[in-house]
Amino acid sequence: MSQVEKILAMCQENGVQMIDFKTVDLTGRWHHITIPVKRFNEDTLKYGIGFDGSNFGYASVEKSDMVFIPDPDSAKLDPFTAVPTLSMTGDVKIIAEPENLRFGQYARSVTLRAEEYMRETGIADKMVVGPEFEFYLFDKANYAVAPSHSSYSVDTAQAEWNTGDPEGKGYQVPHHGGYHAALPQDITFDLRNEMCMKMADWGVEIKYHHHEVGGPGQLEIEVEPESLTEMADKTMIIKYIIKNVAAQAGKSATLMPKPIYGEAGSGMHVHIWLWKDGKPLFYDEKGYSSLSDTALYFIGGLLKHAASLCAITNPSTNSFKRLVPGFEAPVTIGYATANRSSVIRIPAYAKTPAQKRFELRNPDATCNPYYAYAAILMAGLDGIKNKIDPKANGWGPYDFNLFNLSDEDKKRIQALPKSLDEALDALEADHEYLTAGGVFPQELIDNWLKLKRAENETISRIPTPADFQYYYTL
């Protein structure tokens with residue numbers, strides 16, 4: 001049975017009437033185009049569906065014709081459509097003769113090329129990543145940005161600020177007190193169950209879910225690890241499901257890093273493994289925290305390039321409102337065991353060779369996951385190739401609280417960027433490790449810098465309510 005026949009049989013079995021193709025823009029948002037089932041045939045998989053790449057941020061108008069090629073292995077039923085619909089992701093190609101070519105800037109192209117490059121180096125044949133998805137779930141969310149008015153407002157019945165509500169039930173969650181909150185305070189438990197069940201139906205294996213630290217509805221879903229491109233695909237699925245389950249329940253979910261001042265921010269910590277020939281590469285019982293030299297060099301690469309990585313793993317102005325002391329978000333460049341104040345944490349409970357790993361704690365979900373996971377891999381490979389020793393470079397191990405440093409220690413220990421502008425400057429100065437092997441095309445780096453600098457400049461010009469609070473009466 002051909003791939004087309006399998007897809008059509010799946011459609012017939014499930015009463016599917018429409019097929020939906022989802023593509024990723026430069027910033028990491030899904031877009032989609034939909035066709036009736038009867039229009040799906042061999043040509044769809046061979047020649048794809050044409051679209052305008054300039055609207056996705058990938059190309060200028062005069063050279064914007066591209067084609068989307070569906071990946072039949074990604075076919076799943078979309079649980080959020082009234083009409084039974086099959087969903088597929090895939091790849092983007094540029095039109096060429098005699099055959100269309102992979103478009104190097106497209107998000108999925110970058111992860112695929114990163115995995116190819118990793119195998120070409122001979123260092124490893126598989127990178128596995130396990131992200132943690134933190135997000136807030138609100139009953140209401142609105143915002144306005146206008147010449148005469150700038151504001152935002154969020155609310156949830158469980159927030160501490162609603163303890164005085166005459167119709168309240170008295171089970172609000174204290175400020176910064178939501179970690180693993182139980183029923184009846186954990187009012188979104190059933191919704192998280194529904195999210196996780198829909199993720200499982202779409203092929204995303206769930207590790208666990210729970211209420212997070214943020215009292216006004218901060219939640220976390222952690223998933224089982226997958227290889228780089230597969231997890232990037234699933235990251236898009238996970239975000240889609242979180243937001244749509246919330247919307248169907250009349251609520252609003254956001255994965256932005258810092259939606260509430262003074263409460264815990266939402267990160268997307270990434271756990272990392274390397275494998276070769278079916279064997280884990282990060283374990284050595286004699287190494288620091290049972291890590292191999294390969295693992296430590298990978299860490300060295302991440303720390304060397306930490307500032308420029310932030311331009312890809314934390315690519316929003318809001319990202320740097322999370323990366324501040326006191327909220328379990330990292331602010332310094334270093335590594336340590338079981339230390340959540342360090343940008344790289346080595347879980348003390350991961351003791352077996354297959355479990356031995358570390359997590360990068362600065363990323364957040366405003367990133368394009370394809371670029372972020374690929375950039376993490378490229379920084380680590382650079383560390384291994386050049387044997388970048390994190391200890392010899394003074395990046396730790398820091399087995400103490402990095403949030404309570406003296407002024408002298410703060411000067412001695414390198415810090416993560418404090419703004420998007422600072423991160424973009426770092427990326428402009430330090431990106432050769434990304435372009436190695438043609439993984440990140442130089443044109444993509446240039447486009448990313450242009451896009452994000454424009455975004456940063458626009459946001460920096462907009463007055464905020466805090467500006468009025470501080471300066472209106474001066």
# chains A, B, ... in the order shown; residues from 1 in each chain; ligands from 1
$ residues_around --residues "Cys196 (chain A)" --least-positions-apart "4" --cutoff "10 Å" --atoms "only C-alpha atoms" --output "list in words"
Asp190, Leu191, Arg192, Ala200, Asp201, Trp202, Val204, Glu205, Ile206, Lys207, Tyr208, His209, Ile221, Glu222, Val223, Ile238, Ile241 and Ile242 of chain A
$ residues_around --residues "Ala232 (chain A)" --least-positions-apart "2" --cutoff "6 Å" --atoms "only C-alpha atoms" --output "MDAnalysis selection string"
chainID A and resid 229:230 234:235 369:370
$ residues_around --residues "Lys418 (chain A)" --least-positions-apart "5" --cutoff "8 Å" --atoms "only C-alpha atoms" --output "PDB file with C-alpha atoms, in the first residue's frame"
ATOM      1  CA  PHE A 320      14.458  38.916  29.946  1.00  0.00           C
ATOM      2  CA  LEU A 323      15.725  35.925  33.591  1.00  0.00           C
ATOM      3  CA  ALA A 423      21.612  38.867  23.229  1.00  0.00           C
TER       4      ALA A 423
END
$ residues_around --residues "Pro390 (chain A)" --least-positions-apart "3" --cutoff "10 Å" --atoms "only C-alpha atoms" --output "ChimeraX atom specification"
/A:296-304,334-335,383,387,393-397
$ residues_around --residues "region 9-25 of chain A" --least-positions-apart "4" --cutoff "8 Å" --atoms "only C-alpha atoms" --output "ChimeraX atom specification"
/A:5,29-37,40,56-58,68,70,83-91,106-107
